[in-house]
Structures are given as structure tokens and as C-alpha cells.
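A quick write-up on the structure given underneath.
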Amino acid sequence: ATMPPLLSAIANAGRHGVLVKSAVAMERLGEIDTAALDKTGTLTEGAPEVTDVRPLLGSGLDEDGLLALAAAAEHPSEHPLARAIVSAARGRGLPIAAAEDFTALPGLGVTAVVDGREVRVGRAEGDAGRDDGATVVRVLRDGTLALTDRLRADAPATTAALTALTGTAPVLLTGDNAHTAARVADATGLTDVRADLLPEDKVKAVRELQDRGRKVLFVGDGVNDAPALAAAHSGVAMGSAGADLALESADAVVVRDELATVPAVVRLSRAARRLVV
Ligand code: ADP
Ligand code: MG
């Protein structure tokens with residue numbers, strides 16, 4: 001028996017390592033005319049490394065003390081920056097204290113009580129970022145940590161393929177600072193870059209494009225991306241390290257951890273739609 005084109009496209013997408021959740025989702029992938037991409041975990045590998053630990057003078061902490069404190073507060077978080085901070089502390093053999101009253105503020109950071117004191121780790125407001133493109137995270141009152149994340153090897157080819165498919169370069173939407181965002185944009189040939197966005201700003205950016213008649217493909221991976229994934233005409237989540245909420249909000253999930261599969265499934269959808277009468 002022959003399978004309906006959209007269903008065989010779903011099977012085909014599965015062979016590419018992309019789980020498309022329904023025939024409607026498969027169809028919508030081929031309708032997009034604009035792509036909007038998250039940075040951390042989407043264009044980059046999402047496995048940053050701590051490259052610099054700087055306790056503030058007067059904090060009473062040395063490098064290890066600052067890292068251990070940040071790791072304790074970040075331990076319950078699933079954010080890539082949190083995982084990097086915890087593994088850096090483990091790498092130095094530091095003890096990670098149990099945190100209480102943990103709260104994650106998507107797009108901002110975390111707060112927790114460690115050894116009876118409140119610790120806040122997150123976005124370094126007013127920090128323009130560093131020339132080397134590192135992301136700077138502030139441990140309130142105590143110091144800063146710098147983290148760097150590698151670009152995915154297939155990121156430049158993917159942005160080029162999406163540009164060819166839609167006739168317009170993808171937009172970069174990120175909660176990270178403008179400096180780091182510009183670095184990634186330069187490396188991937190993107191010029192429309194929006195940095196320092198909160199999760200609701202990412203949704204707003206997607207909605208604005210759609211209000212102007214665009215059909216937006218949004219690709220993201222984090223909890224902070226869930227609202228934009230849901231608002232987009234088509235939402236695709238990077239699955240390997242993606243947050244559960246992002247996977248649930250998406251129309252399709254990239255399970256093979258290759259960004260280049262995204263334009264590939266757009267092409268599969270377009271081919272299938274040509275066969276649907
Ligand atoms: P992106 O849009 O690049 O995926 P996010 O929205 O997740 O980034 O985060 C934006 C910024 O907020 C980060 O660059 C960082 O400064 C801060 N941040 C978010 N979550 C955390 C966290 N768990 N620990 C430290 N900083 C965080
Ligand atoms: Mg992300």
C-alpha cells in the first residue's frame with residue numbers, strides 16, 4: 001500500500017533524526033518563509049565551558065569558593081550555563097552544597113539559599129560582554145564567571161540553507177548579550193540580531209514577524225524558548241539537551257543533534273505538499 005505523502009515525509013524525517021509530531025506539523029514546516037533562531041544550544045553546541053572565575057575583592061571568596069557557591073545554586077537547573085558551572089566545580093573536585101528554595105527565572109538566572117544565605121546567579125545587567133565573545137554570568141555581590149560555547153560545525157551551512165529556502169536570512173533571537181550574539185551572527189552570516197531578550201521578547205519578535213504576514217519557523221532548545229516555539233507557525237526544538245517544556249511546545253524535535261536536519265525536513269515537507277491534492 002502507498003502511504004499518504006505527509007505520512008511518508010514524517011517517516012523520512014524520522015530517518016533524518018527529526019521527530020515530527022503530526023501530519024499538520026509536517027505540512028506547516030513546508031509553509032514557512034522566515035526562520036528565527038535561538039543562539040545558545042541551537043547555533044552553538046550548548047555545552048559551554050567556564051573559562052574565567054573572578055571573585056570580587058571583599059567577597060571573602062577565592063576562585064574555588066566562588067565556583068562552589070555558584071555550582072550549589074545552579075545544581076537543580078537544567079540550563080546549559082548551569083550544567084557548565086556544576087561540571088567545572090566537579091572538575092576541580094569541589095564539594096557542592098545542597099541548595100534550598102531554588103527558583104529558576106527563565107532568561108535571567110537562578111536564586112537559591114546555600115548555607116543559609118541567598119545566592120543569585122544570572123545575567124550580568126549592564127555588562128556589555130567581552131571582546132572574546134564569552135558570556136559573563138554574575139554571582140550577586142560575589143563575582144563573575146565567564147563561559148564560552150562552541151559554534152555547531154553545521155551552523156553556517158544551516159543558516160545558508162535556510163536563507164536559500166526562504167529567500168531571506170534568518171533572524172537571531174537571544175537572551176545573551178549583544179557582544180556574544182554579534183560574534184555568532186558574524187560566523188553564520190546573519191545580520192538581523194536581537195540580543196538581551198527575555199522569553200516574552202522572543203515571542204514578541206516572532207509575533208511581530210507573523211503580524212507582518214510572515215510564516216515563522218522558530219528553532220530553539222531552552223525553557224526560555226517554549227513560548228516562542230508555541231507562537232511560531234512551526235516550532236522545532238533541539239532535542240538532545242533540550243528542556244522538557246521546549247520539547248513539549250515544539251511541532252518537531254531534532255533527536256539526532258544535527259542542526260542541518262532542520263532545512264532538510266523543510267525540503268521534505270515541501271516535496272510532500274506538492275504531492276498532496
Ligand atoms: P539564550 O537565548 O541564548 O538561549 P537564555 O535566555 O537562556 O539564553 O539566557 C539569557 C541570559 O540569562 C544568559 O546569557 C545568562 O546571562 C542568563 N541566564 C539564564 N539562565 C541562567 C542560569 N541558569 N545561570 C546563569 N545565568 C543564566
Ligand atoms: Mg537556547
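By convention in this document, the chains of the C-alpha cells carry letters A, B, ... by their order, each chain's residues are numbered from 1, and ligands are numbered from 1 in the order they are shown.
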Polymer residues at most 8 Å from A:Val219, only C-alpha atoms, same-chain spacing of 4 or more positions, as number ranges by chain: A: 35-38, 42, 229, 235-238
Surrounding residues of A:Val193 excluding itself and chain neighbours under 4 positions, 12 Å, only C-alpha atoms, as number ranges by chain: A: 36-39, 169-186, 188-189, 197, 202, 205
Write out the residues from the selection above, keeping C-alpha atoms, as a JSON list (two decimals), in the first residue's frame.
```
[["chain", "number", "residue", "atom", "x", "y", "z"],
["A", 36, "ALA", "CA", 14.21, 32.76, 13.60],
["A", 37, "LEU", "CA", 16.94, 31.01, 15.55],
["A", 38, "ASP", "CA", 17.94, 30.90, 19.20],
["A", 39, "LYS", "CA", 21.67, 31.08, 19.87],
["A", 169, "ALA", "CA", 18.44, 35.42, 6.13],
["A", 170, "PRO", "CA", 17.29, 34.01, 9.47],
["A", 171, "VAL", "CA", 16.84, 36.33, 12.46],
["A", 172, "LEU", "CA", 18.93, 35.62, 15.56],
["A", 173, "LEU", "CA", 16.97, 35.88, 18.83],
["A", 174, "THR", "CA", 18.94, 35.51, 22.05],
["A", 175, "GLY", "CA", 18.86, 36.25, 25.75],
["A", 176, "ASP", "CA", 22.61, 36.59, 25.73],
["A", 177, "ASN", "CA", 24.50, 39.89, 25.44],
["A", 178, "ALA", "CA", 24.95, 41.82, 22.17],
["A", 179, "HIS", "CA", 28.67, 41.14, 22.01],
["A", 180, "THR", "CA", 28.36, 37.36, 22.13],
["A", 181, "ALA", "CA", 25.38, 37.47, 19.78],
["A", 182, "ALA", "CA", 27.34, 39.54, 17.22],
["A", 183, "ARG", "CA", 30.17, 37.00, 17.26],
["A", 184, "VAL", "CA", 27.83, 34.14, 16.43],
["A", 185, "ALA", "CA", 25.99, 36.23, 13.83],
["A", 186, "ASP", "CA", 29.27, 37.06, 12.05],
["A", 188, "THR", "CA", 26.92, 32.34, 10.47],
["A", 189, "GLY", "CA", 26.29, 35.21, 8.04],
["A", 197, "LEU", "CA", 15.81, 39.26, 25.00],
["A", 202, "LYS", "CA", 11.34, 36.24, 21.81],
["A", 205, "ALA", "CA", 9.66, 39.13, 17.91]]
```
Distance filter 9 Å around ligand 2, atoms: only C-alpha atoms and all ligand atoms, out as a PyMOL selection string: chain A and resi 38-44+46+79-80+174-175+220-225+238+242
Contacts of A:Leu140 at 10 Å (only C-alpha atoms; same-chain gap of 4+ positions) as a count of residues only: 11
Could you please write out, as a CSV table (one decimal) with N, CA and C atoms, in the first residue's frame, every residue of stretch 56-223 of chain A that DSSP assigns to helix (DSSP H, G or I)?
```csv
chain,number,residue,atom,x,y,z
A,63,GLU,N,38.7,31.8,44.0
A,63,GLU,CA,38.1,31.2,42.8
A,63,GLU,C,37.3,30.0,43.1
A,64,ASP,N,37.9,29.0,43.9
A,64,ASP,CA,37.2,27.8,44.2
A,64,ASP,C,35.9,28.1,45.0
A,65,GLY,N,36.0,29.0,45.9
A,65,GLY,CA,34.9,29.3,46.8
A,65,GLY,C,33.7,29.9,46.0
A,66,LEU,N,34.1,30.8,45.0
A,66,LEU,CA,33.0,31.4,44.2
A,66,LEU,C,32.4,30.3,43.3
A,67,LEU,N,33.2,29.5,42.7
A,67,LEU,CA,32.7,28.4,41.8
A,67,LEU,C,31.8,27.4,42.5
A,68,ALA,N,32.3,27.1,43.7
A,68,ALA,CA,31.5,26.1,44.5
A,68,ALA,C,30.1,26.7,44.9
A,69,LEU,N,30.1,28.0,45.3
A,69,LEU,CA,28.9,28.7,45.6
A,69,LEU,C,27.9,28.7,44.5
A,70,ALA,N,28.4,29.1,43.3
A,70,ALA,CA,27.6,29.2,42.1
A,70,ALA,C,27.1,27.8,41.7
A,71,ALA,N,27.9,26.8,41.8
A,71,ALA,CA,27.5,25.5,41.5
A,71,ALA,C,26.4,24.9,42.4
A,72,ALA,N,26.5,25.3,43.7
A,72,ALA,CA,25.5,24.9,44.6
A,72,ALA,C,24.1,25.4,44.2
A,73,ALA,N,24.1,26.7,43.9
A,73,ALA,CA,22.9,27.4,43.5
A,73,ALA,C,22.3,26.9,42.1
A,74,GLU,N,23.2,26.6,41.2
A,74,GLU,CA,22.8,26.1,39.9
A,74,GLU,C,22.5,24.6,39.8
A,80,PRO,N,22.0,25.2,30.1
A,80,PRO,CA,23.4,24.8,29.7
A,80,PRO,C,24.5,25.5,30.6
A,81,LEU,N,24.2,26.8,30.9
A,81,LEU,CA,25.2,27.5,31.7
A,81,LEU,C,25.3,26.9,33.1
A,82,ALA,N,24.2,26.5,33.6
A,82,ALA,CA,24.2,25.8,35.0
A,82,ALA,C,25.0,24.5,34.9
A,83,ARG,N,24.7,23.7,33.9
A,83,ARG,CA,25.4,22.4,33.8
A,83,ARG,C,26.9,22.7,33.7
A,84,ALA,N,27.3,23.7,32.9
A,84,ALA,CA,28.7,24.0,32.8
A,84,ALA,C,29.4,24.4,34.1
A,85,ILE,N,28.6,25.2,34.9
A,85,ILE,CA,29.2,25.7,36.2
A,85,ILE,C,29.3,24.5,37.1
A,86,VAL,N,28.3,23.6,37.1
A,86,VAL,CA,28.4,22.4,38.0
A,86,VAL,C,29.5,21.5,37.6
A,87,SER,N,29.7,21.3,36.3
A,87,SER,CA,30.8,20.4,35.9
A,87,SER,C,32.2,21.0,36.1
A,88,ALA,N,32.3,22.4,36.0
A,88,ALA,CA,33.6,23.0,36.3
A,88,ALA,C,33.9,22.8,37.8
A,89,ALA,N,32.9,22.9,38.6
A,89,ALA,CA,33.2,22.7,40.1
A,89,ALA,C,33.6,21.3,40.3
A,90,ARG,N,32.9,20.3,39.7
A,90,ARG,CA,33.2,18.9,39.9
A,90,ARG,C,34.6,18.6,39.3
A,91,GLY,N,34.9,19.3,38.2
A,91,GLY,CA,36.3,19.1,37.6
A,91,GLY,C,37.4,19.6,38.5
A,155,ALA,N,26.4,24.9,11.7
A,155,ALA,CA,25.6,26.2,11.8
A,155,ALA,C,25.7,27.1,10.6
A,156,PRO,N,26.9,27.3,10.0
A,156,PRO,CA,27.0,28.2,8.8
A,156,PRO,C,26.2,27.6,7.6
A,157,ALA,N,26.4,26.3,7.4
A,157,ALA,CA,25.7,25.6,6.3
A,157,ALA,C,24.2,25.7,6.5
A,158,THR,N,23.7,25.5,7.8
A,158,THR,CA,22.3,25.5,8.0
A,158,THR,C,21.7,26.9,7.8
A,159,THR,N,22.4,28.0,8.3
A,159,THR,CA,21.8,29.3,8.0
A,159,THR,C,21.8,29.6,6.5
A,160,ALA,N,22.8,29.2,5.8
A,160,ALA,CA,22.9,29.4,4.3
A,160,ALA,C,21.7,28.6,3.7
A,161,ALA,N,21.4,27.4,4.1
A,161,ALA,CA,20.4,26.6,3.5
A,161,ALA,C,19.0,27.2,3.8
A,162,LEU,N,18.8,27.7,5.1
A,162,LEU,CA,17.5,28.4,5.4
A,162,LEU,C,17.3,29.7,4.6
A,163,THR,N,18.5,30.4,4.4
A,163,THR,CA,18.4,31.6,3.6
A,163,THR,C,17.9,31.3,2.2
A,164,ALA,N,18.5,30.2,1.6
A,164,ALA,CA,18.2,29.8,0.2
A,164,ALA,C,16.7,29.3,0.2
A,165,LEU,N,16.2,28.6,1.2
A,165,LEU,CA,14.9,28.1,1.2
A,165,LEU,C,13.8,29.2,1.4
A,166,THR,N,14.1,30.2,2.1
A,166,THR,CA,13.1,31.2,2.4
A,166,THR,C,13.3,32.5,1.7
A,178,ALA,N,24.8,41.4,23.6
A,178,ALA,CA,24.9,41.8,22.2
A,178,ALA,C,26.3,41.4,21.6
A,179,HIS,N,27.3,41.5,22.4
A,179,HIS,CA,28.7,41.1,22.0
A,179,HIS,C,28.8,39.7,21.6
A,180,THR,N,28.3,38.8,22.4
A,180,THR,CA,28.4,37.4,22.1
A,180,THR,C,27.5,37.0,20.9
A,181,ALA,N,26.3,37.7,20.9
A,181,ALA,CA,25.4,37.5,19.8
A,181,ALA,C,26.0,37.9,18.5
A,182,ALA,N,26.7,39.0,18.4
A,182,ALA,CA,27.3,39.5,17.2
A,182,ALA,C,28.4,38.6,16.7
A,183,ARG,N,29.1,38.0,17.6
A,183,ARG,CA,30.2,37.0,17.3
A,183,ARG,C,29.6,35.8,16.5
A,184,VAL,N,28.5,35.3,17.0
A,184,VAL,CA,27.8,34.1,16.4
A,184,VAL,C,27.2,34.5,15.1
A,185,ALA,N,26.6,35.7,15.1
A,185,ALA,CA,26.0,36.2,13.8
A,185,ALA,C,27.0,36.4,12.7
A,186,ASP,N,28.2,36.9,13.0
A,186,ASP,CA,29.3,37.1,12.1
A,186,ASP,C,29.7,35.7,11.5
A,187,ALA,N,29.8,34.7,12.4
A,187,ALA,CA,30.3,33.4,12.0
A,187,ALA,C,29.2,32.6,11.1
A,188,THR,N,28.0,33.1,11.2
A,188,THR,CA,26.9,32.3,10.5
A,188,THR,C,26.3,33.2,9.4
A,199,PRO,N,12.3,35.8,27.6
A,199,PRO,CA,11.5,34.8,26.9
A,199,PRO,C,10.3,35.5,26.2
A,200,GLU,N,9.6,36.5,26.9
A,200,GLU,CA,8.5,37.1,26.3
A,200,GLU,C,8.9,38.0,25.1
A,201,ASP,N,10.1,38.5,25.1
A,201,ASP,CA,10.6,39.3,24.0
A,201,ASP,C,10.8,38.4,22.7
A,202,LYS,N,11.2,37.2,22.9
A,202,LYS,CA,11.3,36.2,21.8
A,202,LYS,C,10.0,36.0,21.2
A,203,VAL,N,9.0,35.8,22.0
A,203,VAL,CA,7.6,35.6,21.5
A,203,VAL,C,7.1,36.8,20.7
A,204,LYS,N,7.4,38.0,21.3
A,204,LYS,CA,7.0,39.3,20.7
A,204,LYS,C,7.7,39.4,19.3
A,205,ALA,N,8.9,39.0,19.2
A,205,ALA,CA,9.7,39.1,17.9
A,205,ALA,C,9.0,38.2,16.9
A,206,VAL,N,8.7,37.0,17.3
A,206,VAL,CA,8.0,36.0,16.4
A,206,VAL,C,6.6,36.6,16.0
A,207,ARG,N,5.9,37.1,16.9
A,207,ARG,CA,4.5,37.6,16.6
A,207,ARG,C,4.6,38.8,15.7
A,208,GLU,N,5.6,39.7,15.9
A,208,GLU,CA,5.7,40.8,15.0
A,208,GLU,C,5.9,40.4,13.6
A,209,LEU,N,6.8,39.4,13.4
A,209,LEU,CA,7.1,39.0,12.0
A,209,LEU,C,5.8,38.4,11.5
A,210,GLN,N,5.0,37.6,12.3
A,210,GLN,CA,3.8,37.0,11.8
A,210,GLN,C,2.7,38.0,11.5
A,211,ASP,N,2.7,39.1,12.3
A,211,ASP,CA,1.7,40.1,12.1
A,211,ASP,C,1.9,40.8,10.8
A,223,VAL,N,14.0,26.2,28.1
A,223,VAL,CA,12.7,26.6,28.7
A,223,VAL,C,12.3,28.0,28.2
```
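Checking A:Glu248, A:Glu78, A:Glu49, A:Asp257 one by one against ligand 1, counting only C-alpha atoms and all ligand atoms, you find the shortest gap at A:Glu78.
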Pairwise distance for atom CA of A:Leu147 and atom 4 (O, counted along the ligand's line) of ligand 1, rounded to one decimal in Å: 13.3 Å
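Shortest atom-to-atom contact with A:Gly60 among A:Asp142, A:Asp251, A:Asp149, A:Glu258: A:Asp142, counting only C-alpha atoms.
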All strand (DSSP E or B) positions in stretch 199-256 of chain A, as a PyMOL selection string: chain A and resi 216-220+234-238+252-254
Written selection (N, CA and C atoms) as a CSV table (one decimal), in the first residue's frame:
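Once everything was written out, this is again_1.csv:
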```csv
chain,number,residue,atom,x,y,z
A,216,VAL,N,6.6,32.0,10.4
A,216,VAL,CA,7.9,31.9,11.0
A,216,VAL,C,8.2,30.4,11.5
A,217,LEU,N,9.4,30.0,11.1
A,217,LEU,CA,10.0,28.8,11.7
A,217,LEU,C,10.9,29.2,12.9
A,218,PHE,N,10.6,28.8,14.1
A,218,PHE,CA,11.5,29.1,15.2
A,218,PHE,C,12.2,27.9,15.7
A,219,VAL,N,13.5,28.0,15.8
A,219,VAL,CA,14.3,26.8,16.3
A,219,VAL,C,14.9,27.2,17.6
A,220,GLY,N,14.7,26.4,18.7
A,220,GLY,CA,15.2,26.7,20.0
A,220,GLY,C,15.4,25.5,20.8
A,234,SER,N,5.8,27.3,12.8
A,234,SER,CA,6.4,26.0,13.1
A,234,SER,C,7.5,26.1,14.1
A,235,GLY,N,7.4,25.3,15.1
A,235,GLY,CA,8.4,25.4,16.2
A,235,GLY,C,9.2,24.1,16.2
A,236,VAL,N,10.5,24.2,16.1
A,236,VAL,CA,11.4,23.0,16.1
A,236,VAL,C,12.3,23.1,17.3
A,237,ALA,N,12.4,22.0,18.1
A,237,ALA,CA,13.2,22.0,19.3
A,237,ALA,C,14.5,21.2,19.1
A,238,MET,N,15.6,21.6,19.5
A,238,MET,CA,16.8,20.8,19.5
A,238,MET,C,16.7,19.9,20.7
A,252,ALA,N,8.1,19.8,16.2
A,252,ALA,CA,9.1,18.8,15.8
A,252,ALA,C,10.3,18.8,16.7
A,253,VAL,N,10.9,17.7,16.9
A,253,VAL,CA,12.1,17.6,17.8
A,253,VAL,C,13.2,17.0,17.0
A,254,VAL,N,14.4,17.7,17.0
A,254,VAL,CA,15.6,17.2,16.4
A,254,VAL,C,16.2,16.2,17.4
```
Separation of atom CA of A:Ala243 from atom CA of A:Ala264, in Å and rounded to one decimal: 23.0 Å
